[in-house]
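Below is one structure, written out as structure tokens; comments come after it.
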Amino acid sequence: MTNKYMIFIANWKMFGGLNSLNSINPVIKFLKIFKNKKSVKIIYCPPTTLIYPMYKRLKNTPLMVGGQNCHENHKSGAFTGSINTTMLKNVGASYVIIGHSENRRNGENNTLINQKIKSAINSGLNVIFCIGETLGERKKKLTKKILNRQITSGLKKIKNKKKILISYEPVWAIGTGLIPKINELYETISFIKNKFKDYKVLYGGSVNPKNIKDLKTIENLDGFLIGGASQNSKKFIDIIKKTYN
Ligand code: 13P
């Protein structure tokens, strides 16, 4: 890790109730005394039901809140069960995850993802834009082709690079305990950064306090998108600490 500034995003997925908010207290405390606090950015993406209470809890801290998905239309409409980017912004979100493979699997395609990203930018949100190949695509050596297509289509006609964090999450590494080989990951991150200049690029998929020692050696990474381990404040803090050790 040679970056001056690292981003840690907690994706809680469909886990957590009001009680879970207590688990962010140790993280707030830790950040106050952490010697590298100026170079850490932490963003919590809880389920939608917890965005507002979390926003209130984090209000006077450097931590930020984000949503996990949104509707593509930033105006209101008859879309039962959906939440748009204006609403996310309204309850305190500064970020939104878009293009997560768990949603792509449910039919979200690159065109829809592009519309969602535009909507988020329109509403003044920052975007955590997820991309990644499946195991089958990896075996066929299609990784770069898939990533190129996902990014090119997802970011079509989008100019504001500063508002977007690209998060590389190989589908086969999510929730499996597997991570890519470090040299392969370095190569993939370099490919993304060389092709799509000036974007910050994160890695996600089974990040934990053990493998962070290897992952942090990838010098061109800007941070991590963390699922399972982020729901446990001890593990989450451990990951952050070890990134700087
Ligand atoms: P895990 O860290 O649980 O593998 O999840 C990664 C992820 O999907 C984050 O968005």
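The chains in the structure tokens are called A, B, ... from first to last as shown; in each chain the residues are counted from 1, and the ligands are counted from 1 in the order shown.
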List as CSV every residue of chain A that is in contact with ligand 1, defined as an atom at most 8 Å from one of its atoms (using only C-alpha atoms and all ligand atoms), together with the nearest atom pair and the distance in Å rounded to one decimal, sorted by chain and then rising number.
residue,atom,partner,partner_atom_place_in_ligand_line,distance
A:Ala10,CA,ligand 1,9 (C),7.4
A:Asn11,CA,ligand 1,10 (O),5.3
A:Lys13,CA,ligand 1,10 (O),7.6
A:His100,CA,ligand 1,10 (O),6.7
A:Ser101,CA,ligand 1,8 (O),7.6
A:Glu102,CA,ligand 1,8 (O),7.6
A:Cys130,CA,ligand 1,10 (O),7.8
A:Glu169,CA,ligand 1,8 (O),6.9
A:Ala173,CA,ligand 1,4 (O),6.2
A:Ile174,CA,ligand 1,4 (O),3.6
A:Gly175,CA,ligand 1,4 (O),3.5
A:Thr176,CA,ligand 1,4 (O),6.3
A:Gly177,CA,ligand 1,4 (O),6.8
A:Gly204,CA,ligand 1,6 (C),5.1
A:Gly205,CA,ligand 1,4 (O),3.9
A:Ser206,CA,ligand 1,4 (O),3.5
A:Val207,CA,ligand 1,2 (O),5.2
A:Asn208,CA,ligand 1,2 (O),7.3
A:Leu225,CA,ligand 1,9 (C),5.1
A:Ile226,CA,ligand 1,2 (O),4.3
A:Gly227,CA,ligand 1,2 (O),3.4
A:Gly228,CA,ligand 1,3 (O),3.7
A:Ala229,CA,ligand 1,2 (O),6.1
A:Ser230,CA,ligand 1,2 (O),7.5
Preceding selection exported with N, CA, C and O atoms as a compact mmCIF listing (two decimals), in the first residue's frame:
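Saved as result-v3.txt:
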# COMPACT_ATOMS: atom_id res chain seq x y z
N ALA A 10 -18.17 -0.58 4.24
CA ALA A 10 -18.86 -1.71 4.87
C ALA A 10 -20.18 -1.93 4.15
O ALA A 10 -21.06 -1.07 4.17
N ASN A 11 -20.30 -3.07 3.48
CA ASN A 11 -21.57 -3.42 2.84
C ASN A 11 -22.27 -4.46 3.73
O ASN A 11 -21.86 -5.62 3.74
N LYS A 13 -25.19 -5.60 3.39
CA LYS A 13 -26.16 -6.44 2.64
C LYS A 13 -27.49 -6.50 3.41
O LYS A 13 -27.86 -5.52 4.05
N HIS A 100 -23.85 -4.13 -8.03
CA HIS A 100 -23.36 -5.28 -7.26
C HIS A 100 -23.79 -6.58 -7.94
O HIS A 100 -24.91 -6.68 -8.44
N SER A 101 -22.92 -7.58 -7.91
CA SER A 101 -23.23 -8.83 -8.64
C SER A 101 -24.48 -9.52 -8.08
O SER A 101 -25.16 -10.24 -8.80
N GLU A 102 -24.78 -9.26 -6.80
CA GLU A 102 -25.99 -9.87 -6.24
C GLU A 102 -27.24 -9.27 -6.87
O GLU A 102 -28.32 -9.88 -6.86
N CYS A 130 -19.82 -1.37 -8.83
CA CYS A 130 -19.25 -2.72 -8.75
C CYS A 130 -19.19 -3.41 -10.11
O CYS A 130 -20.15 -3.37 -10.89
N GLU A 169 -15.01 -6.61 -7.85
CA GLU A 169 -15.42 -7.73 -6.99
C GLU A 169 -15.64 -8.97 -7.84
O GLU A 169 -16.73 -9.15 -8.42
N ALA A 173 -15.34 -14.64 -5.71
CA ALA A 173 -14.62 -14.34 -4.46
C ALA A 173 -15.57 -13.81 -3.37
O ALA A 173 -15.17 -13.66 -2.22
N ILE A 174 -16.80 -13.53 -3.73
CA ILE A 174 -17.74 -12.93 -2.77
C ILE A 174 -18.30 -14.00 -1.85
O ILE A 174 -18.94 -14.96 -2.29
N GLY A 175 -18.04 -13.84 -0.56
CA GLY A 175 -18.59 -14.73 0.45
C GLY A 175 -18.06 -16.16 0.40
O GLY A 175 -18.63 -17.06 1.01
N THR A 176 -16.96 -16.38 -0.31
CA THR A 176 -16.46 -17.75 -0.48
C THR A 176 -15.18 -18.01 0.32
O THR A 176 -14.74 -19.15 0.45
N GLY A 177 -14.54 -16.94 0.80
CA GLY A 177 -13.25 -17.10 1.48
C GLY A 177 -12.10 -17.12 0.48
O GLY A 177 -10.94 -17.18 0.87
N GLY A 204 -13.10 -5.88 -3.62
CA GLY A 204 -14.04 -6.52 -2.70
C GLY A 204 -14.15 -8.00 -2.99
O GLY A 204 -14.03 -8.44 -4.14
N GLY A 205 -14.41 -8.78 -1.95
CA GLY A 205 -14.56 -10.23 -2.08
C GLY A 205 -13.74 -10.94 -1.03
O GLY A 205 -12.52 -11.05 -1.16
N SER A 206 -14.43 -11.38 0.06
CA SER A 206 -13.79 -12.15 1.13
C SER A 206 -12.61 -11.44 1.81
O SER A 206 -11.69 -12.11 2.27
N VAL A 207 -12.64 -10.11 1.85
CA VAL A 207 -11.58 -9.41 2.58
C VAL A 207 -11.75 -9.72 4.07
O VAL A 207 -12.86 -9.61 4.61
N ASN A 208 -10.67 -10.11 4.73
CA ASN A 208 -10.76 -10.41 6.17
C ASN A 208 -9.43 -10.04 6.86
O ASN A 208 -8.45 -9.68 6.20
N LEU A 225 -13.95 -2.95 -0.36
CA LEU A 225 -15.40 -3.05 -0.13
C LEU A 225 -15.61 -4.37 0.61
O LEU A 225 -15.30 -5.44 0.08
N ILE A 226 -16.11 -4.26 1.83
CA ILE A 226 -16.08 -5.42 2.72
C ILE A 226 -17.50 -5.83 3.11
O ILE A 226 -18.28 -5.01 3.61
N GLY A 227 -17.82 -7.08 2.89
CA GLY A 227 -19.15 -7.61 3.23
C GLY A 227 -19.14 -8.18 4.63
O GLY A 227 -19.12 -7.46 5.63
N GLY A 228 -19.14 -9.51 4.72
CA GLY A 228 -19.25 -10.23 5.99
C GLY A 228 -18.44 -9.65 7.15
O GLY A 228 -18.98 -9.39 8.23
N ALA A 229 -17.15 -9.41 6.91
CA ALA A 229 -16.28 -8.96 8.01
C ALA A 229 -16.64 -7.56 8.52
O ALA A 229 -16.28 -7.19 9.63
N SER A 230 -17.39 -6.80 7.74
CA SER A 230 -17.69 -5.42 8.16
C SER A 230 -18.81 -5.36 9.19
O SER A 230 -19.04 -4.33 9.81
Residues near Gln68 (chain A), cut-off 7 Å, only C-alpha atoms, skip fewer than 4 positions along chain, as a ChimeraX atom specification | /A:45,47,96-97
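What separates CA of Lys116 (chain A) from CA of Asn84 (chain A) is a distance of 9.0 Å.
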Identify, on the basis of only C-alpha atoms, every residue whose closest approach to Asp222 (chain A) does not exceed 8 Å; exclude the query and any residue fewer than 5 positions from it along the same chain; express the result as a list in words.
-> Asn3, Tyr5, Met6, Ile7, Lys200, Val201 and Leu202 of chain A
With 10 Å as the cut-off and only C-alpha atoms counted, what is the closest atom pair between each nearby residue of region 67-176 of chain A and region 186-189 of chain A? Distances in Å to one decimal, ordered by chain and number, as JSON lines.
{"residue": "A:Thr143", "atom": "CA", "partner": "A:Thr188", "partner_atom": "CA", "distance": 8.4}
{"residue": "A:Lys144", "atom": "CA", "partner": "A:Thr188", "partner_atom": "CA", "distance": 7.5}
{"residue": "A:Leu147", "atom": "CA", "partner": "A:Thr188", "partner_atom": "CA", "distance": 9.2}
{"residue": "A:Ser167", "atom": "CA", "partner": "A:Ile189", "partner_atom": "CA", "distance": 9.7}
{"residue": "A:Tyr168", "atom": "CA", "partner": "A:Ile189", "partner_atom": "CA", "distance": 7.8}
Polymer residues at most 12 Å from region 237-241 of chain A, only C-alpha atoms, same-chain spacing of 6 or more positions, as a compact mmCIF listing (two decimals) with C-alpha atoms, in the first residue's frame:
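Saved to result.txt:
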# COMPACT_ATOMS: atom_id res chain seq x y z
CA TYR A 5 -5.59 7.79 1.40
CA MET A 6 -7.52 4.52 1.77
CA ILE A 7 -11.26 3.91 1.59
CA PHE A 8 -13.03 1.20 3.59
CA ILE A 9 -16.64 0.49 2.72
CA ALA A 10 -18.86 -1.71 4.87
CA SER A 23 -21.60 -2.12 16.51
CA ILE A 24 -20.41 1.11 14.87
CA ASN A 25 -19.55 2.71 18.25
CA PRO A 26 -16.20 0.90 18.61
CA VAL A 27 -15.31 1.97 15.06
CA ILE A 28 -16.09 5.62 15.86
CA LYS A 29 -13.96 5.39 19.03
CA PHE A 30 -11.13 3.67 17.20
CA LEU A 31 -11.03 6.31 14.49
CA ILE A 33 -7.43 7.72 18.36
CA PHE A 34 -6.07 6.05 15.22
CA LYS A 35 -2.75 7.63 14.25
CA ASN A 36 -3.53 7.39 10.52
CA LYS A 37 -7.06 8.77 10.86
CA SER A 39 -5.78 9.05 5.62
CA VAL A 40 -8.79 6.80 6.24
CA LYS A 41 -12.25 7.16 4.82
CA ILE A 42 -15.00 4.87 6.15
CA SER A 206 -13.79 -12.15 1.13
CA VAL A 207 -11.58 -9.41 2.58
CA ASN A 208 -10.76 -10.41 6.17
CA PRO A 209 -8.20 -9.68 8.92
CA LYS A 210 -6.00 -12.56 7.69
CA ASN A 211 -5.78 -11.90 3.96
CA ILE A 212 -5.51 -8.11 4.34
CA LYS A 213 -1.76 -8.58 4.94
CA ASP A 214 -1.42 -9.81 1.37
CA LEU A 215 -4.05 -7.57 -0.17
CA LYS A 216 -2.47 -4.40 1.20
CA GLY A 223 -9.40 0.69 -0.67
CA PHE A 224 -11.71 -2.21 0.06
CA LEU A 225 -15.40 -3.05 -0.13
CA ILE A 226 -16.08 -5.42 2.72
CA ALA A 229 -16.28 -8.96 8.01
CA SER A 230 -17.69 -5.42 8.16
CA GLN A 231 -20.60 -6.46 10.36
For Asn103 (chain A), list every protein, DNA or RNA residue within 12 Å, evaluated using only C-alpha atoms, and leave out those in the same chain fewer than 3 positions away; present the list as a PyMOL selection string.
-> chain A and resi 13+68-71+97-100+106-110+112-113+130-131+171
Using backbone DSSP assignments, extract all strand (DSSP E) residues from region 19-230 of chain A; output them as an MDAnalysis selection string.
-> chainID A and resid 40:45 64:67 95:98 126:131 164:168 200:204 223:226
Nearest to Lys159 (chain A) by atom-to-atom distance, counting only C-alpha atoms, from A:Thr48, A:Asn22, A:Ser190, A:Asn122 | A:Asn122
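Shortest atom-to-atom contact with Ile192 (chain A) among A:Lys32, A:Lys89, A:Lys157, A:Lys145: A:Lys145, counting only C-alpha atoms.
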Those of region 79-229 of chain A in DSSP helix (DSSP H, G or I), formatted as a ChimeraX atom specification | /A:85-90,101-104,110-122,135-139,143-154,161-163,171-173,182-195,212-215,228-229
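Here CA of Thr243 (chain A) is placed at a distance of 11.2 Å from CA of Leu221 (chain A).
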